$ cat target-v3.cif   # mmCIF, C-alpha atoms
data_target
loop_
_atom_site.label_atom_id
_atom_site.label_comp_id
_atom_site.auth_asym_id
_atom_site.auth_seq_id
_atom_site.Cartn_x
_atom_site.Cartn_y
_atom_site.Cartn_z
CA MET A 1 -12.66 -19.81 11.89
CA PRO A 2 -9.96 -18.70 9.42
CA ARG A 3 -9.63 -14.96 8.90
CA PRO A 4 -8.39 -13.02 5.86
CA ALA A 5 -4.60 -12.69 5.72
CA TYR A 6 -3.09 -9.80 3.81
CA GLY A 7 0.55 -10.77 3.65
CA VAL A 8 3.77 -8.85 4.27
CA ASP A 9 4.50 -5.81 2.12
CA ALA A 10 7.85 -5.73 0.29
CA PRO A 11 8.82 -9.19 1.60
CA GLY A 12 12.17 -9.16 -0.18
CA VAL A 13 13.15 -5.90 1.48
CA VAL A 14 12.11 -7.19 4.92
CA ARG A 15 14.03 -10.44 4.37
CA ASN A 16 17.20 -8.62 3.29
CA LEU A 17 17.03 -6.19 6.20
CA ALA A 18 16.69 -9.10 8.62
CA LEU A 19 19.54 -11.06 7.02
CA PHE A 20 21.97 -8.15 6.93
CA GLY A 21 20.89 -7.17 10.43
CA ALA A 22 21.70 -10.66 11.70
CA LEU A 23 25.08 -10.50 9.91
CA GLY A 24 25.78 -7.16 11.57
CA ILE A 25 25.09 -8.61 15.01
CA LEU A 26 27.33 -11.57 14.17
CA LEU A 27 30.07 -9.18 13.06
CA GLY A 28 29.70 -7.22 16.27
CA THR A 29 29.93 -10.39 18.33
CA MET A 30 33.05 -11.47 16.46
CA GLY A 31 34.50 -8.00 17.01
CA LEU A 32 34.54 -8.63 20.73
CA LEU A 33 37.34 -11.12 20.08
CA PHE A 34 39.65 -8.35 18.86
CA GLY A 35 41.69 -6.13 21.07
CA GLY A 36 42.17 -2.37 21.28
CA TRP A 37 40.60 0.05 18.78
CA ALA A 38 39.69 -2.77 16.39
CA ARG A 39 37.43 -4.30 19.02
CA LEU A 40 35.71 -0.97 19.66
CA LEU A 41 35.26 -0.19 15.97
CA VAL A 42 34.08 -3.58 14.73
CA ALA A 43 31.88 -4.43 17.70
CA ASN A 44 30.20 -1.04 17.90
CA TYR A 45 29.62 -0.79 14.16
CA GLY A 46 28.32 -4.34 13.92
CA PHE A 47 25.89 -4.00 16.83
CA TRP A 48 24.72 -0.53 15.78
CA ALA A 49 24.23 -1.31 12.09
CA GLY A 50 22.83 -4.79 12.67
CA GLY A 51 20.46 -3.63 15.38
CA SER A 52 19.18 -0.76 13.21
CA LEU A 53 18.46 -3.09 10.31
CA LEU A 54 16.67 -5.60 12.55
CA VAL A 55 14.54 -2.87 14.10
CA THR A 56 13.61 -1.62 10.63
CA ALA A 57 12.66 -5.13 9.52
CA GLY A 58 10.56 -5.55 12.65
CA ALA A 59 8.83 -2.20 12.14
CA MET A 60 7.96 -3.05 8.53
CA THR A 61 6.60 -6.45 9.59
CA LEU A 62 4.44 -4.93 12.33
CA SER A 63 3.18 -2.38 9.81
CA SER A 64 2.11 -5.16 7.47
CA LEU A 65 0.46 -7.27 10.15
CA ILE A 66 -1.11 -4.59 12.35
CA GLY A 67 -0.50 -0.97 11.36
CA LYS A 68 -1.91 -1.11 7.86
CA ARG A 69 -5.28 -2.32 9.17
CA TYR A 70 -5.63 0.88 11.21
CA LEU A 71 -4.48 2.90 8.21
CA ARG A 72 -7.05 1.15 6.01
CA ASP A 73 -9.89 2.21 8.29
CA ARG A 74 -8.77 5.84 8.28
CA LEU A 75 -8.41 5.90 4.49
CA LEU A 76 -11.87 4.46 3.93
CA ARG A 77 -13.46 6.80 6.47
CA ARG A 78 -12.24 9.70 4.34
CA LEU A 79 -14.60 8.59 1.56
CA GLY A 80 -17.73 8.92 3.70
CA LEU A 81 -19.41 6.06 1.85
CA ARG A 82 -23.21 5.76 1.91
CA GLY A 83 -23.11 2.04 1.10
CA ASP A 84 -24.37 1.91 -2.49
CA GLU A 85 -21.30 3.15 -4.39
CA ARG A 86 -18.87 1.52 -6.79
CA VAL A 87 -15.34 1.81 -5.40
CA LEU A 88 -12.07 1.01 -7.18
CA ASP A 89 -9.01 -0.27 -5.32
CA ALA A 90 -6.13 0.51 -7.67
CA GLY A 91 -3.43 -2.06 -6.89
CA CYS A 92 -5.56 -4.13 -4.54
CA GLY A 93 -3.04 -6.85 -3.68
CA ARG A 94 -4.57 -9.41 -1.36
CA GLY A 95 -7.55 -7.17 -0.72
CA LEU A 96 -6.97 -5.12 2.44
CA LEU A 97 -8.72 -1.96 1.20
CA LEU A 98 -10.84 -3.82 -1.34
CA ILE A 99 -12.50 -5.99 1.31
CA GLY A 100 -12.66 -3.12 3.79
CA ALA A 101 -14.55 -1.12 1.18
CA ALA A 102 -16.89 -4.03 0.40
CA GLN A 103 -17.75 -4.31 4.10
CA ARG A 104 -18.93 -0.69 3.91
CA LEU A 105 -20.93 -1.27 0.71
CA PRO A 106 -23.94 -3.48 1.53
CA HIS A 107 -25.66 -2.25 -1.65
CA GLY A 108 -22.57 -1.39 -3.69
CA ARG A 109 -19.53 -3.04 -5.24
CA ALA A 110 -15.77 -3.01 -4.66
CA VAL A 111 -13.55 -3.64 -7.67
CA GLY A 112 -9.82 -4.37 -7.49
CA VAL A 113 -7.11 -4.23 -10.14
CA ASP A 114 -3.58 -5.55 -9.74
CA VAL A 115 -0.64 -7.01 -11.65
CA TRP A 116 -0.16 -9.56 -8.83
CA GLN A 117 3.57 -9.15 -8.15
CA ALA A 118 4.73 -11.24 -5.20
CA LYS A 119 7.77 -8.98 -4.74
CA ASP A 120 5.42 -6.19 -3.67
CA GLN A 121 3.37 -8.34 -1.28
CA SER A 122 3.93 -11.89 -0.09
CA GLY A 123 1.59 -14.43 -1.67
CA ASN A 124 0.06 -11.78 -3.93
CA ALA A 125 -2.34 -13.58 -6.27
CA GLN A 126 -5.86 -13.11 -7.56
CA ALA A 127 -6.98 -16.41 -6.03
CA ARG A 128 -5.73 -15.29 -2.59
CA THR A 129 -7.70 -12.06 -2.86
CA LEU A 130 -10.92 -13.87 -3.77
CA ALA A 131 -10.34 -16.35 -0.94
CA ASN A 132 -9.95 -13.46 1.51
CA ALA A 133 -13.21 -11.96 0.24
CA ARG A 134 -14.97 -15.26 0.89
CA LEU A 135 -13.53 -15.48 4.39
CA ALA A 136 -14.72 -11.94 5.08
CA GLY A 137 -18.21 -12.76 3.80
CA VAL A 138 -18.21 -10.16 1.02
CA ALA A 139 -17.43 -12.26 -2.06
CA GLU A 140 -20.71 -11.34 -3.75
CA ARG A 141 -19.77 -7.62 -3.59
CA VAL A 142 -16.17 -7.99 -4.79
CA GLU A 143 -14.60 -8.46 -8.20
CA VAL A 144 -10.96 -8.39 -9.23
CA HIS A 145 -9.18 -7.85 -12.54
CA SER A 146 -5.65 -8.26 -13.82
CA GLY A 147 -4.55 -4.98 -15.29
CA ASP A 148 -2.06 -2.13 -15.47
CA LEU A 149 -3.02 1.05 -13.64
CA ARG A 150 -1.70 3.02 -16.60
CA ALA A 151 -4.46 1.60 -18.81
CA LEU A 152 -7.49 0.75 -16.66
CA PRO A 153 -10.16 -1.40 -18.35
CA PHE A 154 -13.11 0.75 -17.30
CA ALA A 155 -15.25 3.45 -18.86
CA ASP A 156 -14.92 7.12 -17.94
CA GLY A 157 -16.70 7.94 -14.69
CA PHE A 158 -17.50 4.31 -13.91
CA PHE A 159 -16.66 4.61 -10.18
CA ASP A 160 -17.92 6.83 -7.40
CA ALA A 161 -14.56 6.70 -5.61
CA ALA A 162 -11.11 5.17 -5.85
CA VAL A 163 -8.40 4.26 -3.36
CA SER A 164 -4.79 3.20 -3.74
CA ASN A 165 -2.40 2.29 -0.94
CA LEU A 166 1.39 1.86 -1.23
CA VAL A 167 1.18 1.06 -4.93
CA LEU A 168 2.02 3.99 -7.18
CA HIS A 169 5.65 4.27 -6.04
CA ASN A 170 6.24 0.86 -7.63
CA ILE A 171 5.80 2.37 -11.11
CA PRO A 172 9.41 3.21 -12.01
CA THR A 173 9.01 6.44 -14.02
CA ARG A 174 7.39 9.82 -13.35
CA GLU A 175 5.59 9.58 -16.68
CA GLY A 176 4.15 6.19 -15.74
CA ARG A 177 3.04 7.35 -12.29
CA ASP A 178 1.39 10.44 -13.76
CA GLN A 179 -0.43 8.29 -16.32
CA ALA A 180 -1.67 5.95 -13.57
CA VAL A 181 -3.03 8.89 -11.56
CA ARG A 182 -4.71 10.29 -14.67
CA GLU A 183 -6.30 6.90 -15.35
CA ILE A 184 -7.58 6.63 -11.78
CA ALA A 185 -8.99 10.14 -12.14
CA ARG A 186 -10.58 9.30 -15.49
CA VAL A 187 -12.63 6.38 -14.20
CA VAL A 188 -14.06 8.38 -11.26
CA ARG A 189 -17.31 10.27 -11.94
CA PRO A 190 -17.61 14.05 -11.58
CA GLY A 191 -18.07 14.82 -7.90
CA GLY A 192 -16.31 11.58 -6.97
CA GLN A 193 -13.27 11.16 -4.74
CA VAL A 194 -9.86 9.54 -4.69
CA VAL A 195 -7.66 8.72 -1.72
CA LEU A 196 -4.05 7.89 -2.63
CA CYS A 197 -1.62 6.82 0.09
CA ASP A 198 2.12 6.23 -0.22
CA PHE A 199 5.45 6.82 1.50
CA GLN A 200 6.94 8.69 -1.46
CA LYS A 201 5.91 10.48 -4.67
CA THR A 202 2.76 11.91 -3.09
CA GLY A 203 3.73 15.42 -4.16
CA GLU A 204 3.67 14.21 -7.76
CA MET A 205 0.26 12.64 -7.28
CA ALA A 206 -1.17 15.84 -5.81
CA ALA A 207 0.29 17.91 -8.65
CA THR A 208 -1.16 15.60 -11.30
CA LEU A 209 -4.65 15.78 -9.81
CA ALA A 210 -4.41 19.54 -9.39
CA ALA A 211 -3.42 19.91 -13.04
CA LEU A 212 -6.66 18.11 -13.93
CA GLY A 213 -8.64 20.70 -11.99
CA TRP A 214 -9.30 18.56 -8.93
CA THR A 215 -9.53 19.95 -5.41
CA VAL A 216 -6.58 18.33 -3.64
CA LEU A 217 -5.39 17.98 -0.05
CA ARG A 218 -2.06 16.36 0.89
CA SER A 219 -1.69 15.27 4.50
CA GLY A 220 1.24 15.41 6.85
CA LEU A 221 3.18 12.28 7.76
CA ASP A 222 1.18 9.39 9.21
CA VAL A 223 3.33 7.15 11.42
CA THR A 224 0.76 4.39 11.82
CA VAL A 225 2.87 2.37 9.38
CA PHE A 226 6.58 2.21 8.55
CA PRO A 227 7.87 3.90 6.50
CA PRO A 228 5.51 6.79 7.40
CA VAL A 229 3.04 7.75 4.68
CA ARG A 230 1.16 10.76 3.35
CA VAL A 231 -2.37 10.78 1.97
CA VAL A 232 -3.51 12.64 -1.13
CA ALA A 233 -7.28 13.20 -1.10
CA GLY A 234 -8.93 14.58 -4.22
CA LEU A 235 -12.42 15.71 -5.24
CA LYS A 236 -13.28 15.66 -8.95
CA PRO A 237 -14.95 18.79 -10.33
#
$ encode --input "target-v3.cif" --output "structure tokens"
Amino acid sequence: MPRPAYGVDAPGVVRNLALFGALGILLGTMGLLFGGWARLLVANYGFWAGGSLLVTAGAMTLSSLIGKRYLRDRLLRRLGLRGDERVLDAGCGRGLLLIGAAQRLPHGRAVGVDVWQAKDQSGNAQARTLANARLAGVAERVEVHSGDLRALPFADGFFDAAVSNLVLHNIPTREGRDQAVREIARVVRPGGQVVLCDFQKTGEMAATLAALGWTVLRSGLDVTVFPPVRVVAGLKP
């Protein structure tokens, strides 16, 4: 039976790392044809640089295919869901956290929002997300919307909790990232929680929530995925 597939994160980056890594190995191989110091320099540099890039590409691919599933489970466990909540996945992509949340919400609802950029995740499309929800058997508890995290189409306090994974760093400006965090905070009810995970800009996220009066905890590095990530957990007053 087919299973949900959640794609490769940053596919363009992975592709480029693999291509330049292969070129480095080729350069190193060609360097063996030279003599003297040129052989040592070209061969060593080519093999070292090419090998490093290939290892990085492999680590990112394994993170997308395996590591992020373990990370998903840890992120969702932080919410301590009862099973009847409304949970927002801000930047849901193909539904990894969205569907994981729905599986924990037999009497609740998981709602995803995304701009569906394939450069951020391979095959990223609303139809793919809904198809994954059907394959996981949770389609009746899932809904998805097209929308910008900086202007979420939901009322204040509409959700009991919100999650976001490897999304907010894609917003290019500090002002935009802060606005997205404020919007996520706005749509969570008093006493609700957010869990924000990323490999950069997590200090900004924590500061933005703290400025809103939230209780905030920022984790150490988690090496389940590559690049390693930090988690910002917040409780709304």
$ closest_residue --input "target-v3.cif" --among "A:Cys92, A:Ala207, A:Val188, A:Ala155" --to "A:Leu130" --atoms "all atoms listed in the file"
A:Cys92
$ resolve_selection --input "target-v3.cif" --expression "the PyMOL selection byres ((chain A and resi 61) around 12)" --output "PyMOL selection string"
chain A and resi 6-15+17-18+54-60+62-68+121-122+225-227
$ resolve_selection --input "target-v3.cif" --expression "the PyMOL selection byres ((chain A and resi 19-29) around 9)" --output "list of chain:residue names"
A:Val14, A:Arg15, A:Asn16, A:Leu17, A:Ala18, A:Met30, A:Gly31, A:Leu32, A:Leu33, A:Arg39, A:Leu41, A:Val42, A:Ala43, A:Asn44, A:Tyr45, A:Gly46, A:Phe47, A:Trp48, A:Ala49, A:Gly50, A:Gly51, A:Ser52, A:Leu53, A:Leu54, A:Val55, A:Ala57
$ resolve_selection --input "target-v3.cif" --expression "the PyMOL selection byres ((chain A and resi 116) around 7)" --output "PyMOL selection string"
chain A and resi 93+114-115+117-118+124-126
$ closest_residue --input "target-v3.cif" --among "A:Glu140, A:Asp222, A:Glu183, A:Asp178" --to "A:Pro153" --atoms "all atoms listed in the file"
A:Glu183
$ closest_residue --input "target-v3.cif" --among "A:Ala102, A:Ala5, A:Val113, A:Leu212" --to "A:Arg69" --atoms "only C-alpha atoms"
A:Ala5
$ closest_residue --input "target-v3.cif" --among "A:Val232, A:Val111, A:Ile184, A:Leu96" --to "A:Glu204" --atoms "all atoms listed in the file"
A:Val232
$ atom_distance --input "target-v3.cif" --atom1 "atom CA of A:Trp214" --atom2 "atom CA of A:Ser146"
27.5 Å
$ residues_around --input "target-v3.cif" --residues "A:Gly203" --least-positions-apart "5" --cutoff "10 Å" --atoms "all atoms listed in the file" --output "PyMOL selection string"
chain A and resi 208+218+230-232
$ write_last_selection --input "target-v3.cif" --atoms "C-alpha atoms" --output "CSV table (one decimal), keeping the file's coordinate frame"
chain,number,residue,atom,x,y,z
A,208,THR,CA,-1.2,15.6,-11.3
A,218,ARG,CA,-2.1,16.4,0.9
A,230,ARG,CA,1.2,10.8,3.4
A,231,VAL,CA,-2.4,10.8,2.0
A,232,VAL,CA,-3.5,12.6,-1.1
$ residues_around --input "target-v3.cif" --residues "stretch 194-199 of chain A" --least-positions-apart "6" --cutoff "6 Å" --atoms "only C-alpha atoms" --output "MDAnalysis selection string"
chainID A and resid 161:166 228:234
$ residues_around --input "target-v3.cif" --residues "A:Val138" --least-positions-apart "3" --cutoff "12 Å" --atoms "only C-alpha atoms" --output "JSON list (two decimals) with C-alpha atoms, in the frame of the given file"
[["chain", "number", "residue", "atom", "x", "y", "z"],
["A", 4, "PRO", "CA", -8.39, -13.02, 5.86],
["A", 95, "GLY", "CA", -7.55, -7.17, -0.72],
["A", 98, "LEU", "CA", -10.84, -3.82, -1.34],
["A", 99, "ILE", "CA", -12.50, -5.99, 1.31],
["A", 100, "GLY", "CA", -12.66, -3.12, 3.79],
["A", 101, "ALA", "CA", -14.55, -1.12, 1.18],
["A", 102, "ALA", "CA", -16.89, -4.03, 0.40],
["A", 103, "GLN", "CA", -17.75, -4.31, 4.10],
["A", 104, "ARG", "CA", -18.93, -0.69, 3.91],
["A", 105, "LEU", "CA", -20.93, -1.27, 0.71],
["A", 106, "PRO", "CA", -23.94, -3.48, 1.53],
["A", 107, "HIS", "CA", -25.66, -2.25, -1.65],
["A", 108, "GLY", "CA", -22.57, -1.39, -3.69],
["A", 109, "ARG", "CA", -19.53, -3.04, -5.24],
["A", 110, "ALA", "CA", -15.77, -3.01, -4.66],
["A", 111, "VAL", "CA", -13.55, -3.64, -7.67],
["A", 129, "THR", "CA", -7.70, -12.06, -2.86],
["A", 130, "LEU", "CA", -10.92, -13.87, -3.77],
["A", 131, "ALA", "CA", -10.34, -16.35, -0.94],
["A", 132, "ASN", "CA", -9.95, -13.46, 1.51],
["A", 133, "ALA", "CA", -13.21, -11.96, 0.24],
["A", 134, "ARG", "CA", -14.97, -15.26, 0.89],
["A", 135, "LEU", "CA", -13.53, -15.48, 4.39],
["A", 141, "ARG", "CA", -19.77, -7.62, -3.59],
["A", 142, "VAL", "CA", -16.17, -7.99, -4.79],
["A", 143, "GLU", "CA", -14.60, -8.46, -8.20]]
$ closest_residue --input "target-v3.cif" --among "A:Ala151, A:Val167, A:Ala206, A:Val144" --to "A:Leu88" --atoms "only C-alpha atoms"
A:Val144
$ atom_distance --input "target-v3.cif" --atom1 "atom CA of A:Ala211" --atom2 "atom CA of A:Lys236"
11.5 Å
$ atom_distance --input "target-v3.cif" --atom1 "atom CA of A:Gly123" --atom2 "atom CA of A:Leu97"
16.4 Å
$ closest_residue --input "target-v3.cif" --among "A:Gly220, A:Gly157, A:Gly213, A:Gly112" --to "A:Gly192" --atoms "only C-alpha atoms"
A:Gly157
$ axis_aligned_box --input "target-v3.cif" --around "stretch 156-159 of chain A" --padding-each-side "6 Å" --output "lines of an AutoDock Vina configuration file"
center_x = -16.2
center_y = 6.1
center_z = -14.1
size_x = 14.6
size_y = 15.6
size_z = 19.8
